[in-house]
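Text of final.txt (compact mmCIF, C-alpha atoms) as supplied:
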# COMPACT_ATOMS: atom_id res chain seq x y z
CA MET N 1 10.20 -14.22 1.03
CA ASN N 2 10.88 -16.53 3.92
CA LEU N 3 9.41 -15.03 7.07
CA GLU N 4 10.28 -18.05 9.18
CA THR N 5 14.05 -17.49 8.96
CA HIS N 6 13.96 -14.29 11.00
CA THR N 7 14.44 -15.42 14.59
CA SER N 8 15.09 -12.17 16.46
CA GLY N 9 12.24 -10.24 14.92
CA LEU N 10 10.70 -9.26 11.67
CA GLY N 11 11.02 -5.63 10.64
CA VAL N 12 7.88 -4.17 9.10
CA LEU N 13 7.59 -0.66 7.70
CA ILE N 14 4.03 0.64 7.36
CA VAL N 15 3.12 3.73 5.34
CA TYR N 16 -0.53 4.77 5.61
CA ASP N 17 -2.77 7.60 4.43
CA SER N 18 -5.46 7.59 7.14
CA VAL N 19 -5.95 6.33 10.66
CA ARG N 20 -8.35 3.66 9.38
CA SER N 21 -5.86 2.38 6.77
CA GLY N 22 -3.04 2.41 9.33
CA LYS N 23 -5.19 0.33 11.67
CA ARG N 24 -5.95 -2.15 8.89
CA ALA N 25 -2.24 -2.42 8.02
CA LYS N 26 -1.51 -3.19 11.67
CA GLU N 27 -4.24 -5.86 11.60
CA LEU N 28 -2.53 -7.39 8.54
CA CYS N 29 0.74 -7.49 10.49
CA ASP N 30 -0.99 -9.22 13.36
CA ARG N 31 -2.45 -11.85 10.98
CA LEU N 32 0.92 -12.42 9.33
CA GLY N 33 2.59 -12.70 12.69
CA ARG N 34 0.16 -15.35 13.88
CA GLN N 35 0.33 -17.27 10.61
CA PHE N 36 4.01 -17.22 9.71
CA THR N 37 6.03 -16.22 12.70
CA PRO N 38 4.29 -17.19 15.95
CA ASP N 39 7.57 -17.15 17.89
CA CYS N 40 8.88 -14.04 16.20
CA GLU N 41 8.37 -10.50 17.37
CA LEU N 42 7.22 -7.96 14.78
CA ASN N 43 9.22 -4.74 14.89
CA LEU N 44 6.92 -2.10 13.45
CA SER N 45 7.91 1.27 12.07
CA VAL N 46 4.78 3.30 11.20
CA TRP N 47 4.78 6.40 8.99
CA SER N 48 2.03 8.75 7.85
CA LEU N 49 1.97 9.40 4.11
CA SER N 50 1.27 13.10 4.70
CA ALA N 51 4.26 13.42 7.05
CA LEU N 52 6.56 11.77 4.50
CA GLU N 53 5.29 14.17 1.84
CA LEU N 54 5.57 17.34 3.90
CA LEU N 55 8.76 16.67 5.85
CA PRO N 56 11.70 15.38 3.76
CA PRO N 57 13.79 14.54 6.88
CA LEU N 58 11.04 12.10 7.93
CA ALA N 59 11.14 10.49 4.49
CA GLN N 60 14.89 9.99 4.94
CA ALA N 61 14.30 8.51 8.39
CA ALA N 62 11.69 6.10 6.99
CA ALA N 63 14.12 4.96 4.30
CA SER N 64 16.73 4.34 7.01
CA GLU N 65 14.19 2.32 9.01
CA ALA N 66 13.53 0.22 5.91
CA GLU N 67 17.11 -1.04 6.08
CA HIS N 68 15.99 -3.09 9.10
CA ALA N 69 12.76 -4.32 7.53
CA ALA N 70 11.77 -7.24 5.34
CA LEU N 71 8.23 -6.07 4.70
CA LEU N 72 6.93 -2.76 3.41
CA ILE N 73 3.15 -2.32 3.72
CA VAL N 74 1.65 0.67 1.94
CA ALA N 75 -1.97 1.21 3.01
CA VAL N 76 -3.53 3.86 0.78
CA ASN N 77 -6.57 4.82 -1.27
CA GLY N 78 -6.19 2.89 -4.52
CA ASP N 79 -7.83 5.58 -6.66
CA LYS N 80 -5.46 8.35 -5.66
CA PRO N 81 -2.04 8.72 -7.26
CA LEU N 82 0.86 8.78 -4.84
CA PRO N 83 2.62 12.14 -4.44
CA ARG N 84 6.02 12.42 -6.14
CA LEU N 85 7.97 12.82 -2.89
CA VAL N 86 6.26 9.78 -1.38
CA LYS N 87 7.01 7.70 -4.49
CA SER N 88 10.65 8.66 -4.19
CA CYS N 89 10.67 7.65 -0.52
CA LEU N 90 8.96 4.34 -1.29
CA HIS N 91 11.53 3.61 -4.02
CA ARG N 92 14.31 4.04 -1.42
CA CYS N 93 12.43 1.90 1.11
CA ALA N 94 11.81 -0.88 -1.43
CA ARG N 95 15.50 -0.92 -2.43
CA ALA N 96 16.42 -1.18 1.26
CA ILE N 97 14.18 -4.21 1.89
CA HIS N 98 15.63 -5.95 -1.18
CA ALA N 99 18.66 -7.00 0.89
CA ALA N 100 16.36 -8.92 3.26
CA ASP N 101 14.64 -10.68 0.35
CA GLY N 102 11.70 -8.52 1.28
CA ALA N 103 8.28 -7.81 -0.13
CA LEU N 104 6.06 -4.82 -0.76
CA VAL N 105 2.39 -5.21 0.13
CA ALA N 106 -0.14 -2.77 -1.30
CA GLN N 107 -3.17 -2.61 0.95
CA LEU N 108 -5.69 -0.60 -1.05
CA HIS N 109 -8.95 0.91 0.11
CA GLY N 110 -11.56 3.06 -1.57
CA ILE N 111 -11.78 0.75 -4.60
CA LEU N 112 -13.55 -2.39 -5.66
CA LYS N 113 -11.53 -5.59 -5.88
CA MET N 114 -12.44 -5.97 -9.56
CA ASN N 115 -10.84 -2.56 -10.32
CA GLU N 116 -7.64 -3.22 -8.39
CA GLU N 117 -5.22 -3.56 -11.32
CA PHE N 118 -6.57 -0.39 -12.96
CA CYS N 119 -5.95 1.87 -9.99
CA PRO N 120 -3.10 4.40 -9.95
CA ALA N 121 -1.74 3.37 -6.54
CA TYR N 122 -1.67 -0.33 -7.47
CA ASP N 123 0.22 0.31 -10.69
CA CYS N 124 2.70 2.66 -9.01
CA LEU N 125 3.44 0.29 -6.12
CA ARG N 126 3.76 -2.71 -8.45
CA GLN N 127 6.31 -0.78 -10.52
CA ILE N 128 8.24 0.27 -7.41
CA ALA N 129 8.45 -3.37 -6.29
CA HIS N 130 9.52 -4.48 -9.77
CA HIS N 131 12.27 -1.84 -10.03
CA ALA N 132 13.56 -2.71 -6.55
CA GLY N 133 13.51 -6.44 -7.26
CA VAL N 134 11.20 -7.31 -4.37
CA GLN N 135 8.08 -9.44 -4.34
CA PHE N 136 4.74 -7.64 -4.69
CA PHE N 137 1.45 -8.56 -3.07
CA SER N 138 -1.79 -6.64 -2.87
CA GLU N 139 -4.94 -6.74 -0.83
CA VAL N 140 -8.10 -4.71 -1.35
CA ILE N 141 -9.97 -3.61 1.73
CA GLU N 142 -13.53 -3.12 0.54
CA LEU N 143 -15.83 -1.13 2.75
CA ARG N 144 -18.49 -2.94 4.68
CA GLU N 145 -22.08 -2.24 3.64
CA ASP N 146 -22.56 0.13 6.60
CA GLU N 147 -19.45 2.12 5.58
CA LEU N 148 -20.45 2.70 1.95
CA ASP N 149 -21.29 6.24 0.89
CA TYR N 150 -24.17 6.27 -1.59
CA SER N 151 -24.30 10.03 -2.09
CA LEU N 152 -24.25 11.30 -5.69
CA GLU N 153 -20.94 13.02 -5.04
CA ALA N 154 -19.32 9.80 -3.79
CA ILE N 155 -20.70 7.75 -6.70
CA HIS N 156 -19.38 10.34 -9.17
CA GLU N 157 -15.98 10.35 -7.47
CA ARG N 158 -15.73 6.54 -7.63
CA ALA N 159 -16.77 6.50 -11.29
CA GLN N 160 -14.37 9.24 -12.43
CA PRO N 161 -11.11 7.18 -12.47
CA ASN N 162 -12.81 4.41 -14.47
CA THR N 163 -14.29 6.89 -16.94
CA SER N 164 -10.86 8.47 -17.52
CA MET N 165 -9.29 5.05 -17.98
CA LEU N 166 -11.97 3.98 -20.47
CA GLU N 167 -11.58 7.22 -22.45
CA GLY N 168 -7.84 6.54 -22.69
CA ILE N 169 -8.42 3.00 -23.93
CA LEU N 170 -10.97 4.14 -26.52
CA ARG N 171 -8.60 6.82 -27.87
CA ARG N 172 -5.93 4.15 -28.57
CA ASP N 173 -8.17 2.27 -31.01

Can I see the file as structure tokens?
Amino acid sequence: MNLETHTSGLGVLIVYDSVRSGKRAKELCDRLGRQFTPDCELNLSVWSLSALELLPPLAQAAASEAEHAALLIVAVNGDKPLPRLVKSCLHRCARAIHAADGALVAQLHGILKMNEEFCPAYDCLRQIAHHAGVQFFSEVIELREDELDYSLEAIHERAQPNTSMLEGILRRD
């Protein structure tokens, strides 16, 4: 993906699952803008994952917006699978950015960096990028020490996806 060739502006479509993840996706855009395209304006189109899931006309509008984008950033919890309707929308968006030699960036939170490739959202987004023929990048946003939840419920919730994955691996042998 050549970000420097876009002189009038770089279209970026952001899909996020929470206000915090949307803010972090915007921060990523700001970093990319400063690094790759200092003279280029970023044209952001920002969509809530829940809105895309609940309102099909919004999903269609997001896919239309993707036709003007070169970058699709999906900022979601890495441990949670993406809803079927959202996956369908993201497939359409990824196909639309293909024409601009675009890329899909998975910005994952709620996981540890070392577990990234085992998370449902990572695998799903990587497959979407592959099927659309666009480049795939990922970034894990680990919580700061003061944001970590050490309650038994939170520890159990974080361990559950890994336990299920390990059980599946052990059954194959």

Residue nearest Val46 in chain N - candidates N:Lys80, N:Lys23, N:Arg92, N:His131, atoms counted: all atoms listed in the file: N:Lys23

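In this structure, CA of Glu139 in chain N sits 16.4 Å away from CA of Val12 in chain N.
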
Of the listed residues N:Ala96, N:Ala70, N:Cys29, N:Ala51, that which approaches Pro83 in chain N most closely, counting all atoms listed in the file: N:Ala51

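Distances here use all atoms listed in the file; by that measure, the residue among N:Ala66, N:Leu108, N:Cys93, N:Val74 closest to Glu142 in chain N is N:Leu108.
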
Neighbour residues at most 9 Å from (4.4, 2.6, -5.4) (only C-alpha atoms) as a PyMOL selection string: chain N and resi 74+82+86-88+90-91+104+106+120-129

Length of the CA of Glu67 in chain N to CA of Ser18 in chain N vector [Å]: 24.2 Å

Distance in Å - CA of Tyr16 in chain N versus CA of Asp39 in chain N: 26.4 Å

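The residue that comes closest to Ala61 in chain N, out of N:Val76, N:Leu13, N:Leu32, N:Ala99 and on the basis of all atoms listed in the file, is N:Leu13.
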
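Proximity ranking of N:Leu71, N:Ile111, N:Ala63, N:Leu85 relative to Phe136 in chain N places N:Leu71 first, based on only C-alpha atoms.
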
Who sits within 12 Å of Gly11 in chain N, only C-alpha atoms, same chain under 2 positions skipped, as an NGL selection string: :N and (3 or 6-9 or 13-14 or 29 or 33 or 37 or 40-46 or 65-73 or 96-97 or 100 or 102-103)

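Minimum atom-to-atom distance to Leu55 in chain N, evaluated using all atoms listed in the file, belongs to N:Cys89 out of N:Val19, N:Val140, N:Cys89, N:Asp101.
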
How would range 108-121 of chain N look with N, CA, C and O atoms restored, written as a PDB file, in the coordinates of the input?
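Below is the file that was written, selection.pdb:
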ATOM      1  N   LEU N 108      -4.942  -1.679  -0.408  1.00  0.00           N
ATOM      2  CA  LEU N 108      -5.690  -0.600  -1.050  1.00  0.00           C
ATOM      3  C   LEU N 108      -7.115  -0.517  -0.538  1.00  0.00           C
ATOM      4  O   LEU N 108      -7.786  -1.532  -0.393  1.00  0.00           O
ATOM      5  N   HIS N 109      -7.562   0.692  -0.298  1.00  0.00           N
ATOM      6  CA  HIS N 109      -8.950   0.910   0.110  1.00  0.00           C
ATOM      7  C   HIS N 109      -9.560   1.939  -0.826  1.00  0.00           C
ATOM      8  O   HIS N 109      -8.869   2.559  -1.636  1.00  0.00           O
ATOM      9  N   GLY N 110     -10.870   2.094  -0.745  1.00  0.00           N
ATOM     10  CA  GLY N 110     -11.560   3.060  -1.570  1.00  0.00           C
ATOM     11  C   GLY N 110     -11.811   2.591  -2.996  1.00  0.00           C
ATOM     12  O   GLY N 110     -12.195   3.379  -3.853  1.00  0.00           O
ATOM     13  N   ILE N 111     -11.571   1.312  -3.254  1.00  0.00           N
ATOM     14  CA  ILE N 111     -11.780   0.750  -4.600  1.00  0.00           C
ATOM     15  C   ILE N 111     -12.506  -0.575  -4.470  1.00  0.00           C
ATOM     16  O   ILE N 111     -12.602  -1.144  -3.392  1.00  0.00           O
ATOM     17  N   LEU N 112     -12.974  -1.055  -5.596  1.00  0.00           N
ATOM     18  CA  LEU N 112     -13.550  -2.390  -5.660  1.00  0.00           C
ATOM     19  C   LEU N 112     -12.462  -3.367  -6.068  1.00  0.00           C
ATOM     20  O   LEU N 112     -11.586  -3.033  -6.864  1.00  0.00           O
ATOM     21  N   LYS N 113     -12.521  -4.574  -5.560  1.00  0.00           N
ATOM     22  CA  LYS N 113     -11.530  -5.590  -5.880  1.00  0.00           C
ATOM     23  C   LYS N 113     -11.374  -5.777  -7.384  1.00  0.00           C
ATOM     24  O   LYS N 113     -10.265  -5.909  -7.897  1.00  0.00           O
ATOM     25  N   MET N 114     -12.503  -5.742  -8.113  1.00  0.00           N
ATOM     26  CA  MET N 114     -12.440  -5.970  -9.560  1.00  0.00           C
ATOM     27  C   MET N 114     -11.711  -4.852 -10.297  1.00  0.00           C
ATOM     28  O   MET N 114     -11.251  -5.043 -11.414  1.00  0.00           O
ATOM     29  N   ASN N 115     -11.533  -3.681  -9.685  1.00  0.00           N
ATOM     30  CA  ASN N 115     -10.840  -2.560 -10.320  1.00  0.00           C
ATOM     31  C   ASN N 115      -9.386  -2.431  -9.872  1.00  0.00           C
ATOM     32  O   ASN N 115      -8.683  -1.516 -10.301  1.00  0.00           O
ATOM     33  N   GLU N 116      -8.943  -3.334  -9.022  1.00  0.00           N
ATOM     34  CA  GLU N 116      -7.640  -3.220  -8.390  1.00  0.00           C
ATOM     35  C   GLU N 116      -6.502  -2.917  -9.367  1.00  0.00           C
ATOM     36  O   GLU N 116      -5.726  -1.980  -9.170  1.00  0.00           O
ATOM     37  N   GLU N 117      -6.362  -3.703 -10.421  1.00  0.00           N
ATOM     38  CA  GLU N 117      -5.220  -3.560 -11.320  1.00  0.00           C
ATOM     39  C   GLU N 117      -5.293  -2.305 -12.192  1.00  0.00           C
ATOM     40  O   GLU N 117      -4.323  -1.971 -12.868  1.00  0.00           O
ATOM     41  N   PHE N 118      -6.413  -1.599 -12.169  1.00  0.00           N
ATOM     42  CA  PHE N 118      -6.570  -0.390 -12.960  1.00  0.00           C
ATOM     43  C   PHE N 118      -6.355   0.874 -12.138  1.00  0.00           C
ATOM     44  O   PHE N 118      -6.469   1.976 -12.661  1.00  0.00           O
ATOM     45  N   CYS N 119      -6.063   0.722 -10.878  1.00  0.00           N
ATOM     46  CA  CYS N 119      -5.950   1.870  -9.990  1.00  0.00           C
ATOM     47  C   CYS N 119      -4.534   2.442  -9.987  1.00  0.00           C
ATOM     48  O   CYS N 119      -3.557   1.700 -10.046  1.00  0.00           O
ATOM     49  N   PRO N 120      -4.420   3.763  -9.899  1.00  0.00           N
ATOM     50  CA  PRO N 120      -3.100   4.400  -9.950  1.00  0.00           C
ATOM     51  C   PRO N 120      -2.151   3.936  -8.849  1.00  0.00           C
ATOM     52  O   PRO N 120      -0.963   3.723  -9.116  1.00  0.00           O
ATOM     53  N   ALA N 121      -2.635   3.779  -7.638  1.00  0.00           N
ATOM     54  CA  ALA N 121      -1.740   3.370  -6.540  1.00  0.00           C
ATOM     55  C   ALA N 121      -1.224   1.954  -6.759  1.00  0.00           C
ATOM     56  O   ALA N 121      -0.049   1.673  -6.518  1.00  0.00           O
TER      57      ALA N 121
END
